Structures are given as C-alpha cells and as structure tokens.
Amino acid sequence: MSTFSPFKNGIPITVTAAMIEKILRMKSYGQDIKVEITPKHIVLSGTMEVKKMMFKKNVAFRITLKPVHVEKRTIKMNVNAWNIVRKIPVGTIKSYELIEGALKMKLTL
C-alpha cells in the first residue's frame with residue numbers, strides 16, 4: 001500500500017511578473033522596469049538612468065531572456081550564446097556598460 005505524498009515530486013510555486021518587477025525595482029532604485037512572462041521568454045523592458053561623466057540620460061531597454069538552465073536556486077545568463085562573444089575564446093567579463101541600443105562589455109585577457 002503506497003501513501004500519497006504531496007512533496008514526492010516537488011512543491012509547485014508560481015513566481016509572477018509582478019513579483020519579479022517588485023524585486024527589480026528594489027534592486028534598481030525605483031527605475032521604470034516592466035516584466036512580461038510568456039511560455040518561451042521573460043522580457044524585461046523599461047528605462048534606466050545612464051551616467052556618463054557629468055551627464056545623465058534615461059535610456060530605453062528591452063531584454064528577452066530564455067531560461068535554459070537552472071542550478072540549485074539560480075538562473076544565469078550565458079553571454080557565450082552571442083556569436084560576437086564566442087569569437088573571443090578567452091577571458092572573462094571584467095565590466096559592462098549599458099549605452100544607447102547596446103550592452104558594452106570588457107573582457108580580461
């Protein structure tokens with residue numbers, strides 16, 4: 001005779017777009033960020049304040065994430081998925097900067 005255990009296959013939880021938005025807003029000091037979750041992607045969009053020397057500018061952004069791997073309690077973004085990064089087979093990301101229409105990264109060699 002087997003007994004039913006609701007925890008046998010894991011505990012189902014739901015993380016909503018609103019929950020992710022709340023965390024992102026707390027971590028980004030109230031910047032305008034919107035989260036959309038589809039069956040295939042998580043889309044982050046909004047505006048961020050970019051500082052360059054003494055100037056500040058609000059820059060619009062949109063990032064589409066496709067979760068492909070979960071390790072323990074983390075989902076990480078693998079920038080090796082981009083051909084431009086794969087062309088440089090050595091180094092690690094030293095720094096990054098959001099600019100108008102792009103994400104600039106510096107790799108250590």
# chains A, B, ... in the order shown; residues from 1 in each chain; ligands from 1
call {"tool": "residues_around", "arguments": {"residues": "A:Ile88", "least_positions_apart": "3", "cutoff": "12 Å", "atoms": "only C-alpha atoms", "output": "ChimeraX atom specification"}}
result
/A:79-80,82-85,91-93,106-109
call {"tool": "select_by_dssp", "arguments": {"residues": "chain A", "states": "helix (DSSP H, G or I)", "output": "PyMOL selection string"}}
result
chain A and resi 17-27+79-81+83-86
call {"tool": "write_last_selection", "arguments": {"atoms": "N, CA and C atoms", "output": "PDB file, in the first residue's frame"}}
result
ATOM      1  N   ALA A  17       5.051  37.866 -12.874  1.00  0.00           N
ATOM      2  CA  ALA A  17       5.775  39.014 -13.430  1.00  0.00           C
ATOM      3  C   ALA A  17       5.808  40.160 -12.420  1.00  0.00           C
ATOM      4  N   ALA A  18       4.708  40.359 -11.703  1.00  0.00           N
ATOM      5  CA  ALA A  18       4.642  41.431 -10.701  1.00  0.00           C
ATOM      6  C   ALA A  18       5.647  41.204  -9.579  1.00  0.00           C
ATOM      7  N   MET A  19       5.867  39.954  -9.193  1.00  0.00           N
ATOM      8  CA  MET A  19       6.833  39.641  -8.138  1.00  0.00           C
ATOM      9  C   MET A  19       8.258  39.964  -8.599  1.00  0.00           C
ATOM     10  N   ILE A  20       8.566  39.627  -9.852  1.00  0.00           N
ATOM     11  CA  ILE A  20       9.894  39.920 -10.393  1.00  0.00           C
ATOM     12  C   ILE A  20      10.084  41.429 -10.531  1.00  0.00           C
ATOM     13  N   GLU A  21       9.042  42.121 -11.005  1.00  0.00           N
ATOM     14  CA  GLU A  21       9.102  43.587 -11.126  1.00  0.00           C
ATOM     15  C   GLU A  21       9.412  44.231  -9.782  1.00  0.00           C
ATOM     16  N   LYS A  22       8.764  43.760  -8.732  1.00  0.00           N
ATOM     17  CA  LYS A  22       8.966  44.331  -7.399  1.00  0.00           C
ATOM     18  C   LYS A  22      10.419  44.181  -6.955  1.00  0.00           C
ATOM     19  N   ILE A  23      11.002  43.009  -7.167  1.00  0.00           N
ATOM     20  CA  ILE A  23      12.398  42.779  -6.774  1.00  0.00           C
ATOM     21  C   ILE A  23      13.336  43.638  -7.611  1.00  0.00           C
ATOM     22  N   LEU A  24      13.090  43.694  -8.922  1.00  0.00           N
ATOM     23  CA  LEU A  24      13.943  44.500  -9.792  1.00  0.00           C
ATOM     24  C   LEU A  24      13.874  45.980  -9.437  1.00  0.00           C
ATOM     25  N   ARG A  25      12.695  46.456  -9.099  1.00  0.00           N
ATOM     26  CA  ARG A  25      12.563  47.866  -8.718  1.00  0.00           C
ATOM     27  C   ARG A  25      13.320  48.164  -7.425  1.00  0.00           C
ATOM     28  N   MET A  26      13.286  47.224  -6.484  1.00  0.00           N
ATOM     29  CA  MET A  26      14.024  47.419  -5.237  1.00  0.00           C
ATOM     30  C   MET A  26      15.524  47.444  -5.500  1.00  0.00           C
ATOM     31  N   LYS A  27      16.006  46.577  -6.382  1.00  0.00           N
ATOM     32  CA  LYS A  27      17.436  46.481  -6.677  1.00  0.00           C
ATOM     33  C   LYS A  27      17.918  47.582  -7.611  1.00  0.00           C
ATOM     34  N   VAL A  79      26.506  34.597 -21.706  1.00  0.00           N
ATOM     35  CA  VAL A  79      26.769  35.501 -22.824  1.00  0.00           C
ATOM     36  C   VAL A  79      27.507  34.800 -23.956  1.00  0.00           C
ATOM     37  N   ASN A  80      27.980  33.572 -23.739  1.00  0.00           N
ATOM     38  CA  ASN A  80      28.596  32.807 -24.814  1.00  0.00           C
ATOM     39  C   ASN A  80      27.586  32.431 -25.898  1.00  0.00           C
ATOM     40  N   ALA A  81      26.322  32.619 -25.632  1.00  0.00           N
ATOM     41  CA  ALA A  81      25.301  32.341 -26.640  1.00  0.00           C
ATOM     42  C   ALA A  81      25.370  33.345 -27.787  1.00  0.00           C
ATOM     43  N   ASN A  83      27.273  35.198 -30.736  1.00  0.00           N
ATOM     44  CA  ASN A  83      28.406  34.928 -31.620  1.00  0.00           C
ATOM     45  C   ASN A  83      29.568  35.889 -31.400  1.00  0.00           C
ATOM     46  N   ILE A  84      29.262  37.154 -31.158  1.00  0.00           N
ATOM     47  CA  ILE A  84      30.328  38.150 -31.003  1.00  0.00           C
ATOM     48  C   ILE A  84      31.203  37.843 -29.787  1.00  0.00           C
ATOM     49  N   VAL A  85      30.648  37.249 -28.755  1.00  0.00           N
ATOM     50  CA  VAL A  85      31.429  36.875 -27.572  1.00  0.00           C
ATOM     51  C   VAL A  85      32.187  35.576 -27.839  1.00  0.00           C
ATOM     52  N   ARG A  86      31.546  34.631 -28.532  1.00  0.00           N
ATOM     53  CA  ARG A  86      32.203  33.350 -28.843  1.00  0.00           C
ATOM     54  C   ARG A  86      33.442  33.526 -29.716  1.00  0.00           C
TER      55      ARG A  86
END
call {"tool": "select_by_dssp", "arguments": {"residues": "chain A", "states": "strand (DSSP E)", "output": "number ranges by chain"}}
result
A: 33-37, 42-52, 55-65, 70-71, 74-75, 93-99, 102-107
call {"tool": "residues_around", "arguments": {"residues": "A:Phe61", "least_positions_apart": "4", "cutoff": "8 Å", "atoms": "only C-alpha atoms", "output": "short mmCIF file (atom, residue, chain, number, x, y, z; two decimals) with all heavy atoms, in the first residue's frame"}}
result
data_model
loop_
_atom_site.label_atom_id
_atom_site.label_comp_id
_atom_site.auth_asym_id
_atom_site.auth_seq_id
_atom_site.Cartn_x
_atom_site.Cartn_y
_atom_site.Cartn_z
N LEU A 44 12.24 41.80 -20.13
CA LEU A 44 12.42 42.94 -19.25
C LEU A 44 12.53 44.18 -20.12
O LEU A 44 13.28 44.19 -21.09
CB LEU A 44 13.72 42.80 -18.43
CG LEU A 44 13.93 41.50 -17.66
CD1 LEU A 44 15.30 41.51 -17.01
CD2 LEU A 44 12.85 41.30 -16.65
N SER A 45 11.77 45.20 -19.78
CA SER A 45 11.85 46.44 -20.55
C SER A 45 11.64 47.62 -19.62
O SER A 45 11.15 47.47 -18.51
CB SER A 45 10.80 46.45 -21.67
OG SER A 45 9.49 46.35 -21.12
N GLY A 46 12.02 48.78 -20.10
CA GLY A 46 11.85 49.98 -19.30
C GLY A 46 12.88 51.01 -19.65
O GLY A 46 13.41 51.04 -20.77
N THR A 47 13.19 51.86 -18.68
CA THR A 47 14.23 52.87 -18.87
C THR A 47 15.16 52.84 -17.67
O THR A 47 14.74 52.53 -16.56
CB THR A 47 13.64 54.29 -19.01
OG1 THR A 47 12.87 54.59 -17.85
CG2 THR A 47 12.78 54.42 -20.25
N MET A 48 16.41 53.16 -17.94
CA MET A 48 17.40 53.25 -16.87
C MET A 48 18.17 54.55 -17.03
O MET A 48 18.42 55.00 -18.15
CB MET A 48 18.38 52.09 -16.92
CG MET A 48 17.77 50.77 -16.53
SD MET A 48 19.04 49.54 -16.19
CE MET A 48 19.54 50.06 -14.55
N GLY A 101 21.16 51.61 -27.14
CA GLY A 101 20.98 50.49 -28.07
C GLY A 101 21.94 49.33 -27.92
O GLY A 101 21.94 48.45 -28.77
#
call {"tool": "atom_distance", "arguments": {"atom1": "atom CA of A:Lys57", "atom2": "atom CA of A:Glu97"}}
result
13.5 Å
